[in-house]
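**Student:** Below is one structure. I have some questions about it.
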Amino acid sequence: MKNRLLLVLLSCVFATSAKAQLFHIRNQPNYDERPLHFGFHIGFNSYDFSMDLKDLSQVPTIWSVRSEALPGYNINIISNLRLGEHFDLRFTPGFAATVRNLYFDMLHPITEERILVERQVESSYVQFPLHLKFKSVRIDNYRMYLMGGLRYANDLASKAKVVDDGLFKLQRHTADYEVGFGADFYFEYFKFSPQIRASWGMTNLLVQDGTPLVDAFNGIRNRSVLINFTFE
């Protein structure tokens with residue numbers, strides 16, 4: 001009985017030791033020494049509006065405005081330039097699609113009844129983000145990182161020049177600044193990196209088309225949260 005117990009204990013010790021040795025194997029130990037590497041990421045986004053509203057007590061036809069963010073998606077390619085041990089420069093052009101709703105509590109222009117007006121705003125962005133990535137020290141097969149930078153986007157779905165009073169229009173070109181964080185996980189044949197980014201628009205997207213809905217705003221800008229899954 002004692003021999004069996006000793007055998008079981010020794011087996012557990014050897015199994016634990018083997019597992020520990022396997023855990024400390026560094027996958028692709030020279031991966032981050034490459035001056036340039038490529039990849040792609042796919043993810044989900046939630047775009048919303050940052051609204052600079054006028055004093056609505058001075059706008060007799062509108063009582064309130066609220067926005068609703070709907071889920072979208074994005075896909076980007078990655079070009080990563082190594083700047084040093086802890087810094088990379090990343091250019092990640094890609095495409096993002098999103099939909100947002102605006103709700104206006106206002107007076108009907110003819111009947112003067114109080115109504116809720118909905119406007120759906122679709123955007124299809126061709127994006128050109130440029131980020132600086134700060135990486136922590138690598139521990140075994142993972143490391144943490146922070147990132148930040150600027151993003152220019154061209155909205156292919158913009159109706160800025162369309163003559164239609166039933167649309168809420170946004171400017172075609174926008175610039176945002178972004179910050180984010182994530183983790184790099186090194187596998188045998190690739191590196192996987194989940195990340196979360198947030199962005200805030202610098203560009204006023206409001207189109208002054210003379211429609212009653214525009215009277216509520218001094219300006220309107222993008223803001224968004226993106227969850228990406230990166231493969232490099």
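Following the order of the structure tokens, chains are lettered A, B, ..., residues in each are numbered from 1, and ligands are numbered from 1.
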Compile the contact shell of stretch 50-67 of chain A as a compact mmCIF listing (two decimals) with all heavy atoms, in the first residue's frame: residues with an atom at most 12 Å away, counting only C-alpha atoms, same-chain residues fewer than 4 positions apart removed.
**Tutor:**
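Saved to around.txt:
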```
# COMPACT_ATOMS: atom_id res chain seq x y z
N VAL A 99 -24.01 51.85 -37.39
CA VAL A 99 -25.30 52.51 -37.50
C VAL A 99 -25.60 53.17 -36.16
O VAL A 99 -25.35 52.58 -35.10
CB VAL A 99 -26.44 51.53 -37.85
CG1 VAL A 99 -27.78 52.25 -37.92
CG2 VAL A 99 -26.15 50.82 -39.16
N ARG A 100 -26.12 54.41 -36.23
CA ARG A 100 -26.53 55.12 -35.02
C ARG A 100 -27.92 55.71 -35.22
O ARG A 100 -28.29 56.06 -36.35
CB ARG A 100 -25.53 56.24 -34.70
CG ARG A 100 -24.19 55.74 -34.26
CD ARG A 100 -23.10 56.76 -34.44
NE ARG A 100 -22.68 56.87 -35.83
CZ ARG A 100 -21.67 57.61 -36.26
NH1 ARG A 100 -20.97 58.31 -35.39
NH2 ARG A 100 -21.35 57.65 -37.53
N ASN A 101 -28.66 55.84 -34.14
CA ASN A 101 -29.98 56.46 -34.19
C ASN A 101 -29.99 57.75 -33.39
O ASN A 101 -29.37 57.83 -32.32
CB ASN A 101 -31.05 55.52 -33.62
CG ASN A 101 -31.31 54.34 -34.53
OD1 ASN A 101 -31.18 54.44 -35.75
ND2 ASN A 101 -31.70 53.22 -33.95
N LEU A 102 -30.69 58.74 -33.91
CA LEU A 102 -30.94 59.98 -33.19
C LEU A 102 -32.45 60.12 -32.99
O LEU A 102 -33.23 59.86 -33.92
CB LEU A 102 -30.41 61.19 -33.98
CG LEU A 102 -28.90 61.40 -33.99
CD1 LEU A 102 -28.53 62.48 -35.00
CD2 LEU A 102 -28.39 61.78 -32.61
N TYR A 103 -32.84 60.53 -31.77
CA TYR A 103 -34.25 60.71 -31.45
C TYR A 103 -34.47 62.16 -31.02
O TYR A 103 -33.81 62.66 -30.10
CB TYR A 103 -34.67 59.76 -30.33
CG TYR A 103 -34.54 58.30 -30.71
CD1 TYR A 103 -33.38 57.59 -30.38
CD2 TYR A 103 -35.55 57.63 -31.38
CE1 TYR A 103 -33.25 56.25 -30.71
CE2 TYR A 103 -35.42 56.30 -31.73
CZ TYR A 103 -34.28 55.61 -31.39
OH TYR A 103 -34.14 54.29 -31.73
N PHE A 104 -35.44 62.81 -31.67
CA PHE A 104 -35.76 64.21 -31.41
C PHE A 104 -37.17 64.30 -30.85
O PHE A 104 -38.14 63.88 -31.51
CB PHE A 104 -35.67 65.04 -32.69
CG PHE A 104 -34.30 65.08 -33.32
CD1 PHE A 104 -33.88 64.04 -34.14
CD2 PHE A 104 -33.45 66.15 -33.09
CE1 PHE A 104 -32.62 64.08 -34.73
CE2 PHE A 104 -32.20 66.20 -33.68
CZ PHE A 104 -31.79 65.15 -34.49
N ASP A 105 -37.27 64.82 -29.64
CA ASP A 105 -38.57 65.12 -29.05
C ASP A 105 -38.91 66.55 -29.47
O ASP A 105 -38.31 67.51 -28.96
CB ASP A 105 -38.49 64.98 -27.53
CG ASP A 105 -39.83 65.20 -26.84
OD1 ASP A 105 -40.84 65.39 -27.55
OD2 ASP A 105 -39.86 65.20 -25.60
N MET A 106 -39.88 66.71 -30.38
CA MET A 106 -40.07 68.02 -31.02
C MET A 106 -41.51 68.24 -31.45
O MET A 106 -42.36 67.33 -31.35
CB MET A 106 -39.15 68.13 -32.23
CG MET A 106 -39.42 67.10 -33.31
SD MET A 106 -38.27 67.22 -34.71
CE MET A 106 -38.64 68.86 -35.33
N LEU A 107 -41.78 69.43 -31.95
CA LEU A 107 -43.09 69.78 -32.49
C LEU A 107 -43.16 69.43 -33.97
O LEU A 107 -42.20 69.65 -34.71
CB LEU A 107 -43.36 71.28 -32.33
CG LEU A 107 -43.76 71.81 -30.95
CD1 LEU A 107 -43.96 73.32 -31.03
CD2 LEU A 107 -45.03 71.14 -30.45
N HIS A 108 -44.31 68.89 -34.37
CA HIS A 108 -44.54 68.68 -35.79
C HIS A 108 -44.63 70.03 -36.47
O HIS A 108 -45.34 70.93 -35.99
CB HIS A 108 -45.84 67.89 -36.00
CG HIS A 108 -46.01 67.39 -37.40
ND1 HIS A 108 -46.43 68.22 -38.42
CD2 HIS A 108 -45.82 66.16 -37.95
CE1 HIS A 108 -46.50 67.52 -39.54
NE2 HIS A 108 -46.13 66.27 -39.29
N PRO A 109 -43.92 70.25 -37.60
CA PRO A 109 -43.87 71.59 -38.21
C PRO A 109 -45.22 72.08 -38.74
O PRO A 109 -45.40 73.29 -38.90
CB PRO A 109 -42.87 71.41 -39.36
CG PRO A 109 -42.84 69.94 -39.63
CD PRO A 109 -43.08 69.29 -38.32
N ILE A 110 -46.16 71.17 -38.96
CA ILE A 110 -47.46 71.58 -39.51
C ILE A 110 -48.56 71.51 -38.46
O ILE A 110 -49.26 72.48 -38.20
CB ILE A 110 -47.83 70.72 -40.74
CG1 ILE A 110 -46.78 70.89 -41.84
CG2 ILE A 110 -49.22 71.09 -41.26
CD1 ILE A 110 -47.00 70.01 -43.05
N THR A 111 -48.70 70.34 -37.84
CA THR A 111 -49.79 70.16 -36.86
C THR A 111 -49.45 70.72 -35.49
O THR A 111 -50.35 70.90 -34.66
CB THR A 111 -50.10 68.66 -36.71
OG1 THR A 111 -48.96 67.98 -36.15
CG2 THR A 111 -50.43 68.04 -38.07
N GLU A 112 -48.16 70.98 -35.24
CA GLU A 112 -47.67 71.47 -33.95
C GLU A 112 -47.97 70.52 -32.80
O GLU A 112 -48.06 70.92 -31.65
CB GLU A 112 -48.22 72.86 -33.65
CG GLU A 112 -47.74 73.92 -34.65
CD GLU A 112 -48.11 75.33 -34.23
OE1 GLU A 112 -48.88 75.48 -33.25
OE2 GLU A 112 -47.62 76.27 -34.87
N GLU A 113 -48.11 69.23 -33.13
CA GLU A 113 -48.22 68.21 -32.09
C GLU A 113 -46.82 67.79 -31.65
O GLU A 113 -45.87 67.83 -32.43
CB GLU A 113 -48.98 66.98 -32.62
CG GLU A 113 -50.43 67.26 -32.97
CD GLU A 113 -51.11 66.02 -33.51
OE1 GLU A 113 -50.41 65.00 -33.71
OE2 GLU A 113 -52.34 66.06 -33.72
N ARG A 114 -46.71 67.36 -30.42
CA ARG A 114 -45.43 66.89 -29.91
C ARG A 114 -45.20 65.45 -30.39
O ARG A 114 -46.02 64.56 -30.12
CB ARG A 114 -45.40 66.96 -28.39
CG ARG A 114 -44.03 66.70 -27.78
CD ARG A 114 -44.01 67.09 -26.32
NE ARG A 114 -42.72 66.80 -25.71
CZ ARG A 114 -42.39 67.16 -24.46
NH1 ARG A 114 -43.27 67.83 -23.72
NH2 ARG A 114 -41.21 66.87 -23.97
N ILE A 115 -44.08 65.21 -31.09
CA ILE A 115 -43.81 63.91 -31.69
C ILE A 115 -42.36 63.51 -31.41
O ILE A 115 -41.53 64.35 -31.03
CB ILE A 115 -44.04 63.93 -33.22
CG1 ILE A 115 -43.16 65.00 -33.88
CG2 ILE A 115 -45.51 64.13 -33.55
CD1 ILE A 115 -43.21 65.00 -35.39
N LEU A 116 -42.10 62.22 -31.60
CA LEU A 116 -40.73 61.71 -31.50
C LEU A 116 -40.26 61.38 -32.91
O LEU A 116 -40.83 60.50 -33.57
CB LEU A 116 -40.67 60.47 -30.61
CG LEU A 116 -39.27 59.89 -30.37
CD1 LEU A 116 -38.42 60.88 -29.57
CD2 LEU A 116 -39.35 58.54 -29.65
N VAL A 117 -39.23 62.07 -33.37
CA VAL A 117 -38.69 61.87 -34.72
C VAL A 117 -37.40 61.08 -34.62
O VAL A 117 -36.51 61.43 -33.84
CB VAL A 117 -38.45 63.23 -35.42
CG1 VAL A 117 -37.75 63.02 -36.76
CG2 VAL A 117 -39.76 63.96 -35.62
N GLU A 118 -37.32 60.01 -35.40
CA GLU A 118 -36.12 59.17 -35.42
C GLU A 118 -35.37 59.36 -36.74
O GLU A 118 -35.98 59.39 -37.81
CB GLU A 118 -36.48 57.69 -35.26
CG GLU A 118 -35.29 56.75 -35.33
CD GLU A 118 -35.69 55.29 -35.26
OE1 GLU A 118 -36.90 55.02 -35.03
OE2 GLU A 118 -34.80 54.44 -35.45
N ARG A 119 -34.05 59.49 -36.63
CA ARG A 119 -33.20 59.52 -37.81
C ARG A 119 -32.09 58.47 -37.63
O ARG A 119 -31.39 58.48 -36.63
CB ARG A 119 -32.57 60.90 -38.01
CG ARG A 119 -33.55 61.97 -38.44
CD ARG A 119 -34.04 61.74 -39.85
NE ARG A 119 -34.92 62.81 -40.31
CZ ARG A 119 -36.25 62.79 -40.19
NH1 ARG A 119 -36.84 61.75 -39.62
NH2 ARG A 119 -36.98 63.79 -40.63
N GLN A 120 -31.99 57.58 -38.60
CA GLN A 120 -30.94 56.56 -38.58
C GLN A 120 -29.77 57.04 -39.43
O GLN A 120 -29.95 57.45 -40.57
CB GLN A 120 -31.47 55.23 -39.11
CG GLN A 120 -30.50 54.07 -38.92
CD GLN A 120 -31.12 52.74 -39.27
OE1 GLN A 120 -31.13 52.35 -40.42
NE2 GLN A 120 -31.63 52.04 -38.26
N VAL A 121 -28.58 56.98 -38.86
CA VAL A 121 -27.37 57.46 -39.53
C VAL A 121 -26.44 56.27 -39.75
O VAL A 121 -25.93 55.69 -38.79
CB VAL A 121 -26.67 58.55 -38.71
CG1 VAL A 121 -25.46 59.08 -39.46
CG2 VAL A 121 -27.63 59.68 -38.36
N SER A 199 -12.20 55.99 -28.83
CA SER A 199 -11.82 57.12 -29.68
C SER A 199 -12.79 58.26 -29.46
O SER A 199 -13.97 58.07 -29.13
CB SER A 199 -11.79 56.71 -31.15
OG SER A 199 -13.10 56.45 -31.63
N TRP A 200 -12.27 59.49 -29.69
CA TRP A 200 -13.06 60.70 -29.57
C TRP A 200 -12.79 61.57 -30.79
O TRP A 200 -11.64 61.78 -31.19
CB TRP A 200 -12.68 61.47 -28.31
CG TRP A 200 -13.03 60.75 -27.06
CD1 TRP A 200 -14.17 60.84 -26.32
CD2 TRP A 200 -12.22 59.79 -26.37
NE1 TRP A 200 -14.12 60.01 -25.23
CE2 TRP A 200 -12.93 59.36 -25.23
CE3 TRP A 200 -10.95 59.26 -26.62
CZ2 TRP A 200 -12.43 58.42 -24.35
CZ3 TRP A 200 -10.44 58.31 -25.74
CH2 TRP A 200 -11.17 57.91 -24.62
N GLY A 201 -13.85 62.07 -31.40
CA GLY A 201 -13.72 62.84 -32.62
C GLY A 201 -13.20 64.24 -32.39
O GLY A 201 -13.57 64.91 -31.41
N MET A 202 -12.36 64.69 -33.29
CA MET A 202 -11.87 66.07 -33.28
C MET A 202 -12.60 66.93 -34.31
O MET A 202 -12.54 68.15 -34.25
CB MET A 202 -10.37 66.08 -33.59
CG MET A 202 -9.53 65.34 -32.57
SD MET A 202 -7.75 65.47 -32.91
CE MET A 202 -7.62 64.50 -34.41
N THR A 203 -13.30 66.29 -35.24
CA THR A 203 -13.93 66.99 -36.35
C THR A 203 -15.42 67.20 -36.08
O THR A 203 -16.13 66.25 -35.70
CB THR A 203 -13.78 66.18 -37.66
OG1 THR A 203 -12.41 65.87 -37.86
CG2 THR A 203 -14.30 66.96 -38.85
N ASN A 204 -15.90 68.42 -36.28
CA ASN A 204 -17.33 68.70 -36.21
C ASN A 204 -17.99 68.17 -37.47
O ASN A 204 -17.72 68.63 -38.57
CB ASN A 204 -17.57 70.20 -36.07
CG ASN A 204 -19.05 70.53 -35.87
OD1 ASN A 204 -19.91 69.65 -35.85
ND2 ASN A 204 -19.35 71.82 -35.74
N LEU A 205 -18.87 67.17 -37.33
CA LEU A 205 -19.47 66.49 -38.46
C LEU A 205 -20.80 67.10 -38.90
O LEU A 205 -21.40 66.63 -39.87
CB LEU A 205 -19.70 65.01 -38.11
CG LEU A 205 -18.46 64.21 -37.74
CD1 LEU A 205 -18.85 62.79 -37.33
CD2 LEU A 205 -17.48 64.17 -38.91
N LEU A 206 -21.24 68.14 -38.22
CA LEU A 206 -22.56 68.70 -38.51
C LEU A 206 -22.60 69.35 -39.88
O LEU A 206 -21.72 70.13 -40.25
CB LEU A 206 -22.92 69.74 -37.44
CG LEU A 206 -24.35 70.28 -37.47
CD1 LEU A 206 -25.34 69.18 -37.12
CD2 LEU A 206 -24.48 71.46 -36.49
N THR A 211 -32.23 72.34 -42.16
CA THR A 211 -33.37 71.57 -41.69
C THR A 211 -33.61 71.85 -40.20
O THR A 211 -32.69 72.23 -39.47
CB THR A 211 -33.14 70.06 -41.89
OG1 THR A 211 -31.94 69.67 -41.19
CG2 THR A 211 -32.96 69.75 -43.37
N PRO A 212 -34.86 71.70 -39.72
CA PRO A 212 -35.17 72.01 -38.31
C PRO A 212 -34.34 71.20 -37.31
O PRO A 212 -34.02 71.70 -36.22
CB PRO A 212 -36.66 71.67 -38.19
CG PRO A 212 -37.19 71.76 -39.57
CD PRO A 212 -36.08 71.31 -40.46
N LEU A 213 -33.95 69.97 -37.65
CA LEU A 213 -33.21 69.12 -36.71
C LEU A 213 -31.83 69.68 -36.40
O LEU A 213 -31.32 69.52 -35.29
CB LEU A 213 -33.08 67.70 -37.27
CG LEU A 213 -34.39 66.98 -37.61
CD1 LEU A 213 -34.10 65.57 -38.09
CD2 LEU A 213 -35.33 66.96 -36.42
N VAL A 214 -31.24 70.34 -37.36
CA VAL A 214 -29.89 70.89 -37.18
C VAL A 214 -29.89 72.02 -36.15
O VAL A 214 -28.86 72.30 -35.52
CB VAL A 214 -29.34 71.36 -38.54
CG1 VAL A 214 -28.06 72.15 -38.39
CG2 VAL A 214 -29.11 70.16 -39.45
N ASP A 215 -31.05 72.67 -35.96
CA ASP A 215 -31.13 73.80 -35.03
C ASP A 215 -30.80 73.42 -33.60
O ASP A 215 -30.53 74.29 -32.77
CB ASP A 215 -32.54 74.42 -35.07
CG ASP A 215 -32.83 75.14 -36.38
OD1 ASP A 215 -31.85 75.50 -37.08
OD2 ASP A 215 -34.01 75.32 -36.72
N ALA A 216 -30.82 72.12 -33.28
CA ALA A 216 -30.54 71.69 -31.91
C ALA A 216 -29.06 71.67 -31.57
O ALA A 216 -28.71 71.61 -30.39
CB ALA A 216 -31.14 70.30 -31.68
N PHE A 217 -28.20 71.74 -32.59
CA PHE A 217 -26.78 71.47 -32.37
C PHE A 217 -25.89 72.68 -32.62
O PHE A 217 -26.11 73.45 -33.56
CB PHE A 217 -26.31 70.36 -33.32
CG PHE A 217 -26.99 69.04 -33.12
CD1 PHE A 217 -28.13 68.72 -33.86
CD2 PHE A 217 -26.53 68.13 -32.20
CE1 PHE A 217 -28.76 67.50 -33.70
CE2 PHE A 217 -27.17 66.91 -32.01
CZ PHE A 217 -28.29 66.60 -32.77
N ASN A 218 -24.85 72.79 -31.79
CA ASN A 218 -23.69 73.59 -32.14
C ASN A 218 -22.68 72.75 -32.90
O ASN A 218 -21.95 73.25 -33.76
CB ASN A 218 -23.03 74.16 -30.88
CG ASN A 218 -23.87 75.24 -30.22
OD1 ASN A 218 -24.40 76.11 -30.90
ND2 ASN A 218 -24.00 75.17 -28.91
N GLY A 219 -22.63 71.48 -32.57
CA GLY A 219 -21.71 70.56 -33.23
C GLY A 219 -22.01 69.13 -32.83
O GLY A 219 -22.71 68.88 -31.84
N ILE A 220 -21.50 68.20 -33.60
CA ILE A 220 -21.67 66.77 -33.30
C ILE A 220 -20.42 66.04 -33.76
O ILE A 220 -19.88 66.31 -34.84
CB ILE A 220 -22.95 66.22 -33.98
CG1 ILE A 220 -23.24 64.80 -33.49
CG2 ILE A 220 -22.84 66.26 -35.50
CD1 ILE A 220 -24.64 64.32 -33.87
N ARG A 221 -19.92 65.14 -32.91
CA ARG A 221 -18.66 64.45 -33.18
C ARG A 221 -18.81 62.95 -32.88
O ARG A 221 -19.71 62.55 -32.15
CB ARG A 221 -17.52 65.04 -32.33
CG ARG A 221 -17.15 66.46 -32.72
CD ARG A 221 -16.18 67.08 -31.74
NE ARG A 221 -15.65 68.34 -32.23
CZ ARG A 221 -16.31 69.50 -32.17
NH1 ARG A 221 -17.52 69.54 -31.60
NH2 ARG A 221 -15.77 70.59 -32.65
N ASN A 222 -17.90 62.19 -33.45
CA ASN A 222 -17.87 60.76 -33.18
C ASN A 222 -17.29 60.46 -31.81
O ASN A 222 -16.42 61.18 -31.31
CB ASN A 222 -17.01 60.03 -34.22
CG ASN A 222 -17.73 59.79 -35.52
OD1 ASN A 222 -18.95 59.69 -35.56
ND2 ASN A 222 -16.99 59.69 -36.61
N ARG A 223 -17.73 59.36 -31.23
CA ARG A 223 -17.02 58.71 -30.14
C ARG A 223 -17.35 57.23 -30.24
O ARG A 223 -18.45 56.85 -30.66
CB ARG A 223 -17.38 59.30 -28.79
CG ARG A 223 -18.65 58.82 -28.19
CD ARG A 223 -18.94 59.48 -26.87
NE ARG A 223 -20.32 59.21 -26.47
CZ ARG A 223 -20.95 59.86 -25.52
NH1 ARG A 223 -20.35 60.83 -24.86
NH2 ARG A 223 -22.20 59.54 -25.22
N SER A 224 -16.39 56.40 -29.88
CA SER A 224 -16.60 54.97 -30.12
C SER A 224 -15.77 54.13 -29.17
O SER A 224 -14.79 54.59 -28.59
CB SER A 224 -16.24 54.61 -31.57
OG SER A 224 -14.87 54.85 -31.82
```
**Student:** Hey, what's within 8 Å of A:Thr230 if we count only C-alpha atoms and toss same-chain stuff fewer than 5 positions away? As a VMD selection string, please?
**Tutor:** chain A and resid 39 to 42 191 to 195
**Student:** Kindly save the residues from that selection, with N, CA and C atoms included, as a PDB file, in the first residue's frame.
**Tutor:**
```
ATOM      1  N   GLY A  39      -0.028  41.689 -40.111  1.00  0.00           N
ATOM      2  CA  GLY A  39      -1.116  40.890 -39.570  1.00  0.00           C
ATOM      3  C   GLY A  39      -2.445  41.516 -39.921  1.00  0.00           C
ATOM      4  N   PHE A  40      -3.463  41.131 -39.172  1.00  0.00           N
ATOM      5  CA  PHE A  40      -4.791  41.711 -39.388  1.00  0.00           C
ATOM      6  C   PHE A  40      -5.569  41.629 -38.080  1.00  0.00           C
ATOM      7  N   HIS A  41      -6.608  42.442 -37.979  1.00  0.00           N
ATOM      8  CA  HIS A  41      -7.518  42.271 -36.856  1.00  0.00           C
ATOM      9  C   HIS A  41      -8.959  42.470 -37.300  1.00  0.00           C
ATOM     10  N   ILE A  42      -9.837  41.751 -36.631  1.00  0.00           N
ATOM     11  CA  ILE A  42     -11.272  41.883 -36.823  1.00  0.00           C
ATOM     12  C   ILE A  42     -11.882  42.210 -35.471  1.00  0.00           C
ATOM     13  N   LYS A 191       0.891  35.208 -33.188  1.00  0.00           N
ATOM     14  CA  LYS A 191       0.659  35.987 -31.968  1.00  0.00           C
ATOM     15  C   LYS A 191      -0.785  36.476 -31.969  1.00  0.00           C
ATOM     16  N   PHE A 192      -1.488  36.270 -30.873  1.00  0.00           N
ATOM     17  CA  PHE A 192      -2.891  36.660 -30.729  1.00  0.00           C
ATOM     18  C   PHE A 192      -2.986  37.775 -29.706  1.00  0.00           C
ATOM     19  N   SER A 193      -3.743  38.834 -30.039  1.00  0.00           N
ATOM     20  CA  SER A 193      -3.794  40.010 -29.168  1.00  0.00           C
ATOM     21  C   SER A 193      -5.213  40.568 -29.097  1.00  0.00           C
ATOM     22  N   PRO A 194      -5.931  40.306 -28.034  1.00  0.00           N
ATOM     23  CA  PRO A 194      -7.194  41.026 -27.820  1.00  0.00           C
ATOM     24  C   PRO A 194      -6.904  42.439 -27.338  1.00  0.00           C
ATOM     25  N   GLN A 195      -7.722  43.385 -27.763  1.00  0.00           N
ATOM     26  CA  GLN A 195      -7.502  44.781 -27.360  1.00  0.00           C
ATOM     27  C   GLN A 195      -8.825  45.521 -27.267  1.00  0.00           C
TER      28      GLN A 195
END
```
**Student:** Between atom CA of A:Val163 and atom CA of A:Asn45, what distance in Å does the model show, to one decimal?
**Tutor:**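 Computing it gives 29.4 Å between the two atoms.
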**Student:** Record the distance separating atom CA of A:Met147 and atom CA of A:Glu33, expressed in Å with one decimal.
**Tutor:**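 Straight-line distance from atom CA of A:Met147 to atom CA of A:Glu33 works out to 19.0 Å.
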**Student:** Go through stretch 55-93 of chain A and collect every residue that DSSP, computed from the backbone, puts in strand (DSSP E); the answer should be as a ChimeraX atom specification.
**Tutor:** /A:62-69,71-82,87-91
**Student:** Give me a file of those residues, with N, CA and C atoms, as a PDB file, in the first residue's frame.
**Tutor:**
```
ATOM      1  N   ILE A  62     -37.862  72.093 -30.381  1.00  0.00           N
ATOM      2  CA  ILE A  62     -37.200  70.865 -29.941  1.00  0.00           C
ATOM      3  C   ILE A  62     -37.035  70.878 -28.429  1.00  0.00           C
ATOM      4  N   TRP A  63     -37.476  69.798 -27.780  1.00  0.00           N
ATOM      5  CA  TRP A  63     -37.347  69.688 -26.329  1.00  0.00           C
ATOM      6  C   TRP A  63     -36.086  68.928 -25.922  1.00  0.00           C
ATOM      7  N   SER A  64     -35.791  67.851 -26.628  1.00  0.00           N
ATOM      8  CA  SER A  64     -34.622  67.057 -26.244  1.00  0.00           C
ATOM      9  C   SER A  64     -34.128  66.249 -27.440  1.00  0.00           C
ATOM     10  N   VAL A  65     -32.858  65.820 -27.319  1.00  0.00           N
ATOM     11  CA  VAL A  65     -32.238  64.967 -28.343  1.00  0.00           C
ATOM     12  C   VAL A  65     -31.435  63.886 -27.604  1.00  0.00           C
ATOM     13  N   ARG A  66     -31.568  62.657 -28.061  1.00  0.00           N
ATOM     14  CA  ARG A  66     -30.738  61.579 -27.512  1.00  0.00           C
ATOM     15  C   ARG A  66     -30.262  60.691 -28.654  1.00  0.00           C
ATOM     16  N   SER A  67     -29.152  60.014 -28.401  1.00  0.00           N
ATOM     17  CA  SER A  67     -28.578  59.127 -29.416  1.00  0.00           C
ATOM     18  C   SER A  67     -28.562  57.696 -28.915  1.00  0.00           C
ATOM     19  N   GLU A  68     -28.530  56.765 -29.842  1.00  0.00           N
ATOM     20  CA  GLU A  68     -28.478  55.338 -29.528  1.00  0.00           C
ATOM     21  C   GLU A  68     -27.396  54.691 -30.386  1.00  0.00           C
ATOM     22  N   ALA A  69     -26.477  54.016 -29.734  1.00  0.00           N
ATOM     23  CA  ALA A  69     -25.399  53.323 -30.452  1.00  0.00           C
ATOM     24  C   ALA A  69     -25.825  51.895 -30.748  1.00  0.00           C
ATOM     25  N   PRO A  71     -24.491  48.066 -32.574  1.00  0.00           N
ATOM     26  CA  PRO A  71     -23.219  47.361 -32.829  1.00  0.00           C
ATOM     27  C   PRO A  71     -22.843  47.364 -34.300  1.00  0.00           C
ATOM     28  N   GLY A  72     -21.541  47.476 -34.567  1.00  0.00           N
ATOM     29  CA  GLY A  72     -21.005  47.404 -35.915  1.00  0.00           C
ATOM     30  C   GLY A  72     -19.797  46.492 -35.944  1.00  0.00           C
ATOM     31  N   TYR A  73     -19.111  46.472 -37.061  1.00  0.00           N
ATOM     32  CA  TYR A  73     -17.937  45.610 -37.196  1.00  0.00           C
ATOM     33  C   TYR A  73     -16.823  46.362 -37.904  1.00  0.00           C
ATOM     34  N   ASN A  74     -15.607  45.872 -37.769  1.00  0.00           N
ATOM     35  CA  ASN A  74     -14.458  46.465 -38.452  1.00  0.00           C
ATOM     36  C   ASN A  74     -13.423  45.394 -38.751  1.00  0.00           C
ATOM     37  N   ILE A  75     -12.659  45.623 -39.809  1.00  0.00           N
ATOM     38  CA  ILE A  75     -11.567  44.729 -40.192  1.00  0.00           C
ATOM     39  C   ILE A  75     -10.417  45.584 -40.704  1.00  0.00           C
ATOM     40  N   ASN A  76      -9.206  45.298 -40.246  1.00  0.00           N
ATOM     41  CA  ASN A  76      -8.034  46.105 -40.578  1.00  0.00           C
ATOM     42  C   ASN A  76      -6.838  45.211 -40.866  1.00  0.00           C
ATOM     43  N   ILE A  77      -5.929  45.694 -41.691  1.00  0.00           N
ATOM     44  CA  ILE A  77      -4.634  45.045 -41.856  1.00  0.00           C
ATOM     45  C   ILE A  77      -3.607  45.813 -41.026  1.00  0.00           C
ATOM     46  N   ILE A  78      -2.531  45.130 -40.664  1.00  0.00           N
ATOM     47  CA  ILE A  78      -1.553  45.696 -39.724  1.00  0.00           C
ATOM     48  C   ILE A  78      -0.173  45.707 -40.351  1.00  0.00           C
ATOM     49  N   SER A  79       0.471  46.868 -40.253  1.00  0.00           N
ATOM     50  CA  SER A  79       1.901  46.982 -40.552  1.00  0.00           C
ATOM     51  C   SER A  79       2.570  47.508 -39.293  1.00  0.00           C
ATOM     52  N   ASN A  80       3.479  46.731 -38.733  1.00  0.00           N
ATOM     53  CA  ASN A  80       4.104  47.060 -37.449  1.00  0.00           C
ATOM     54  C   ASN A  80       5.597  47.302 -37.641  1.00  0.00           C
ATOM     55  N   LEU A  81       6.050  48.508 -37.297  1.00  0.00           N
ATOM     56  CA  LEU A  81       7.460  48.877 -37.390  1.00  0.00           C
ATOM     57  C   LEU A  81       8.059  48.934 -35.990  1.00  0.00           C
ATOM     58  N   ARG A  82       9.115  48.154 -35.767  1.00  0.00           N
ATOM     59  CA  ARG A  82       9.782  48.140 -34.463  1.00  0.00           C
ATOM     60  C   ARG A  82      10.645  49.388 -34.303  1.00  0.00           C
ATOM     61  N   PHE A  87       8.781  49.974 -27.898  1.00  0.00           N
ATOM     62  CA  PHE A  87       7.927  50.836 -28.711  1.00  0.00           C
ATOM     63  C   PHE A  87       7.818  50.314 -30.140  1.00  0.00           C
ATOM     64  N   ASP A  88       6.601  50.349 -30.668  1.00  0.00           N
ATOM     65  CA  ASP A  88       6.322  50.030 -32.064  1.00  0.00           C
ATOM     66  C   ASP A  88       5.478  51.158 -32.662  1.00  0.00           C
ATOM     67  N   LEU A  89       5.603  51.332 -33.970  1.00  0.00           N
ATOM     68  CA  LEU A  89       4.726  52.229 -34.729  1.00  0.00           C
ATOM     69  C   LEU A  89       3.845  51.364 -35.604  1.00  0.00           C
ATOM     70  N   ARG A  90       2.528  51.557 -35.501  1.00  0.00           N
ATOM     71  CA  ARG A  90       1.586  50.675 -36.192  1.00  0.00           C
ATOM     72  C   ARG A  90       0.663  51.487 -37.111  1.00  0.00           C
ATOM     73  N   PHE A  91       0.574  51.034 -38.354  1.00  0.00           N
ATOM     74  CA  PHE A  91      -0.341  51.611 -39.342  1.00  0.00           C
ATOM     75  C   PHE A  91      -1.347  50.520 -39.691  1.00  0.00           C
TER      76      PHE A  91
END
```
